[in-house]
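The file model.json contains JSON, C-alpha atoms:
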```json
[["chain", "number", "residue", "atom", "x", "y", "z"],
["A", 1, "MET", "CA", 7.47, 1.81, 0.98],
["A", 2, "LYS", "CA", 9.40, 0.97, -2.13],
["A", 3, "PHE", "CA", 6.39, 0.12, -4.30],
["A", 4, "PRO", "CA", 3.24, 2.25, -4.18],
["A", 5, "PRO", "CA", 0.18, 0.53, -2.68],
["A", 6, "ARG", "CA", -3.01, -0.03, -4.64],
["A", 7, "ASP", "CA", -6.17, 1.80, -3.58],
["A", 8, "PHE", "CA", -7.76, -1.22, -1.87],
["A", 9, "GLN", "CA", -4.54, -1.84, 0.06],
["A", 10, "ILE", "CA", -4.61, 1.75, 1.31],
["A", 11, "ASP", "CA", -8.26, 1.29, 2.28],
["A", 12, "ALA", "CA", -7.45, -1.88, 4.26],
["A", 13, "TYR", "CA", -4.48, -0.18, 5.93],
["A", 14, "ASN", "CA", -6.62, 2.81, 6.90],
["A", 15, "GLN", "CA", -9.40, 0.58, 8.22],
["A", 16, "VAL", "CA", -6.93, -1.26, 10.44],
["A", 17, "GLY", "CA", -5.63, 2.08, 11.71],
["A", 18, "ARG", "CA", -9.14, 3.28, 12.55],
["A", 19, "LEU", "CA", -9.97, 0.03, 14.36],
["A", 20, "VAL", "CA", -6.78, 0.13, 16.41],
["A", 21, "ALA", "CA", -7.32, 3.81, 17.22],
["A", 22, "SER", "CA", -10.82, 2.94, 18.46],
["A", 23, "GLY", "CA", -9.33, 0.45, 20.92],
["A", 24, "LYS", "CA", -9.52, -2.82, 19.00],
["A", 25, "LYS", "CA", -6.53, -5.04, 19.77],
["A", 26, "ARG", "CA", -7.18, -8.04, 17.52],
["A", 27, "VAL", "CA", -7.73, -7.06, 13.92],
["A", 28, "VAL", "CA", -7.80, -9.59, 11.07],
["A", 29, "ILE", "CA", -7.48, -8.83, 7.37],
["A", 30, "LYS", "CA", -9.23, -11.46, 5.30],
["A", 31, "ALA", "CA", -8.74, -11.29, 1.54],
["A", 32, "PRO", "CA", -8.17, -13.63, -1.41],
["A", 33, "THR", "CA", -4.77, -14.78, -2.63],
["A", 34, "GLY", "CA", -2.97, -12.08, -4.60],
["A", 35, "VAL", "CA", -4.56, -9.08, -2.89],
["A", 36, "GLY", "CA", -1.34, -8.20, -1.12],
["A", 37, "LYS", "CA", -2.00, -9.03, 2.52],
["A", 38, "THR", "CA", 1.72, -9.31, 3.18],
["A", 39, "TYR", "CA", 2.23, -5.92, 1.54],
["A", 40, "ILE", "CA", -0.42, -4.44, 3.86],
["A", 41, "ALA", "CA", 1.34, -6.12, 6.79],
["A", 42, "ALA", "CA", 4.60, -4.49, 5.64],
["A", 43, "MET", "CA", 2.83, -1.09, 5.62],
["A", 44, "ILE", "CA", 1.54, -1.70, 9.15],
["A", 45, "THR", "CA", 4.97, -2.92, 10.28],
["A", 46, "GLU", "CA", 6.70, 0.13, 8.82],
["A", 47, "ARG", "CA", 4.36, 2.46, 10.71],
["A", 48, "ALA", "CA", 4.82, 0.54, 13.96],
["A", 49, "LEU", "CA", 8.61, 0.63, 13.65],
["A", 50, "GLU", "CA", 8.52, 4.37, 12.95],
["A", 51, "LYS", "CA", 6.72, 4.77, 16.28],
["A", 52, "GLY", "CA", 9.39, 2.70, 18.03],
["A", 53, "ASN", "CA", 7.14, -0.31, 18.51],
["A", 54, "ARG", "CA", 8.16, -3.93, 18.18],
["A", 55, "VAL", "CA", 6.35, -6.21, 15.74],
["A", 56, "ALA", "CA", 5.68, -9.93, 15.66],
["A", 57, "PHE", "CA", 4.45, -11.48, 12.43],
["A", 58, "ILE", "CA", 3.31, -15.09, 12.72],
["A", 59, "ALA", "CA", 3.08, -17.52, 9.82],
["A", 60, "PRO", "CA", 2.35, -21.26, 10.05],
["A", 61, "TYR", "CA", 4.61, -22.53, 7.27],
["A", 62, "SER", "CA", 8.25, -22.06, 6.31],
["A", 63, "VAL", "CA", 7.30, -21.00, 2.80],
["A", 64, "LEU", "CA", 5.09, -18.22, 4.18],
["A", 65, "ILE", "CA", 7.84, -17.09, 6.54],
["A", 66, "ASN", "CA", 10.28, -16.91, 3.63],
["A", 67, "GLN", "CA", 7.79, -15.03, 1.43],
["A", 68, "THR", "CA", 7.13, -12.55, 4.24],
["A", 69, "VAL", "CA", 10.83, -11.95, 4.83],
["A", 70, "ASP", "CA", 11.31, -11.42, 1.08],
["A", 71, "ARG", "CA", 8.38, -8.97, 0.81],
["A", 72, "PHE", "CA", 9.46, -7.01, 3.90],
["A", 73, "MET", "CA", 13.03, -6.74, 2.56],
["A", 74, "GLU", "CA", 11.74, -5.65, -0.88],
["A", 75, "GLN", "CA", 9.88, -2.83, 0.84],
["A", 76, "GLY", "CA", 13.02, -1.63, 2.60],
["A", 77, "LEU", "CA", 12.13, -2.78, 6.11],
["A", 78, "PRO", "CA", 14.98, -3.78, 8.44],
["A", 79, "LEU", "CA", 16.22, -7.35, 8.30],
["A", 80, "PRO", "CA", 13.83, -9.34, 10.47],
["A", 81, "GLY", "CA", 14.75, -11.96, 13.01],
["A", 82, "VAL", "CA", 13.03, -15.29, 12.51],
["A", 83, "MET", "CA", 12.16, -17.65, 15.34],
["A", 84, "GLN", "CA", 12.20, -21.03, 13.62],
["A", 85, "GLY", "CA", 14.45, -24.00, 14.29],
["A", 86, "ALA", "CA", 16.84, -24.12, 11.34],
["A", 87, "HIS", "CA", 16.03, -20.85, 9.53],
["A", 88, "GLU", "CA", 19.07, -18.89, 8.37],
["A", 89, "LEU", "CA", 17.74, -15.71, 10.06],
["A", 90, "THR", "CA", 17.14, -17.36, 13.43],
["A", 91, "ASP", "CA", 19.12, -15.52, 16.10]]
```
Mind turning this structure into structure tokens?
Amino acid sequence: MKFPPRDFQIDAYNQVGRLVASGKKRVVIKAPTGVGKTYIAAMITERALEKGNRVAFIAPYSVLINQTVDRFMEQGLPLPGVMQGAHELTD
């Protein structure tokens, strides 16, 4: 990761890892605006890609898709493909 995570982001990331390791398949991170949920998602995505896994990140609005792409790129993740009608990264 390009920018170091804050302690509570590391805690959330570790909690997700423990839940997944225990067999949970549907984990939700709920936190207020500004906590860095997309940053945590980038951390999770980075780890999944390192393991050779594929990742799908779903967002309901174009602005959230664009913010997510921007955050992932800032963190040095590979250029994502976007599945949205007229988005410039739609393949």
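For the atom pair formed by atom CA of A:Pro4 and atom CA of A:Lys24, the distance is 26.9 Å, given to one decimal.
Computed from the coordinates, the atom CA of A:Phe72 to atom CA of A:Tyr39 distance equals 7.7 Å.
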**Message:** as a PyMOL selection string, please: the residues near A:Ala59 (cut-off 12 Å, only C-alpha atoms, same-chain neighbours under 3 positions excluded).
**Reply:** chain A and resi 38+41+56+62-69+82-84
**Asked** What is the distance, in Å and to one decimal place, between atom CA of A:Gly81 and atom CA of A:Val16?
**Response** 24.3 Å
**Item:** Selection: 10 Å around A:Lys30, only C-alpha atoms, excl. self and same-chain fewer than 4 positions, as a ChimeraX atom specification
**Value:** /A:12,35,37
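The residue that comes closest to A:Ala31, out of A:Pro80, A:Thr90, A:Glu50, A:Gln9 and on the basis of only C-alpha atoms, is A:Gln9.
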**Message:** Counting all atoms listed in the file, which residue out of A:Val28, A:Ile58, A:Leu79, A:Ile40 sits closest to A:Asp11?
**Reply:** A:Ile40
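By chain and then residue number, the residues within 12 Å of A:Asn14 are A:Pro5, A:Asp7, A:Phe8, A:Gln9, A:Leu19, A:Val20, A:Ala21, A:Ile29, A:Ile40, A:Ala41, A:Met43, A:Ile44, A:Arg47, counting all atoms listed in the file and disregarding those fewer than 5 positions away in sequence.
Minimum atom-to-atom distances from A:Arg26, A:Gly17, A:Glu46, A:Val55 to A:Leu77 were compared using all atoms listed in the file, and the lowest value belongs to A:Glu46.
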**Best match for closeness to A:Leu49 among A:Tyr61, A:Pro78, A:Phe3, A:Leu89, counting only C-alpha atoms** = A:Pro78
**Complete:** Judged by all atoms listed in the file, the minimum distance to A:Ile10 among A:Ala42, A:Val27, A:Ala86, A:Met73 is found for A:Ala42
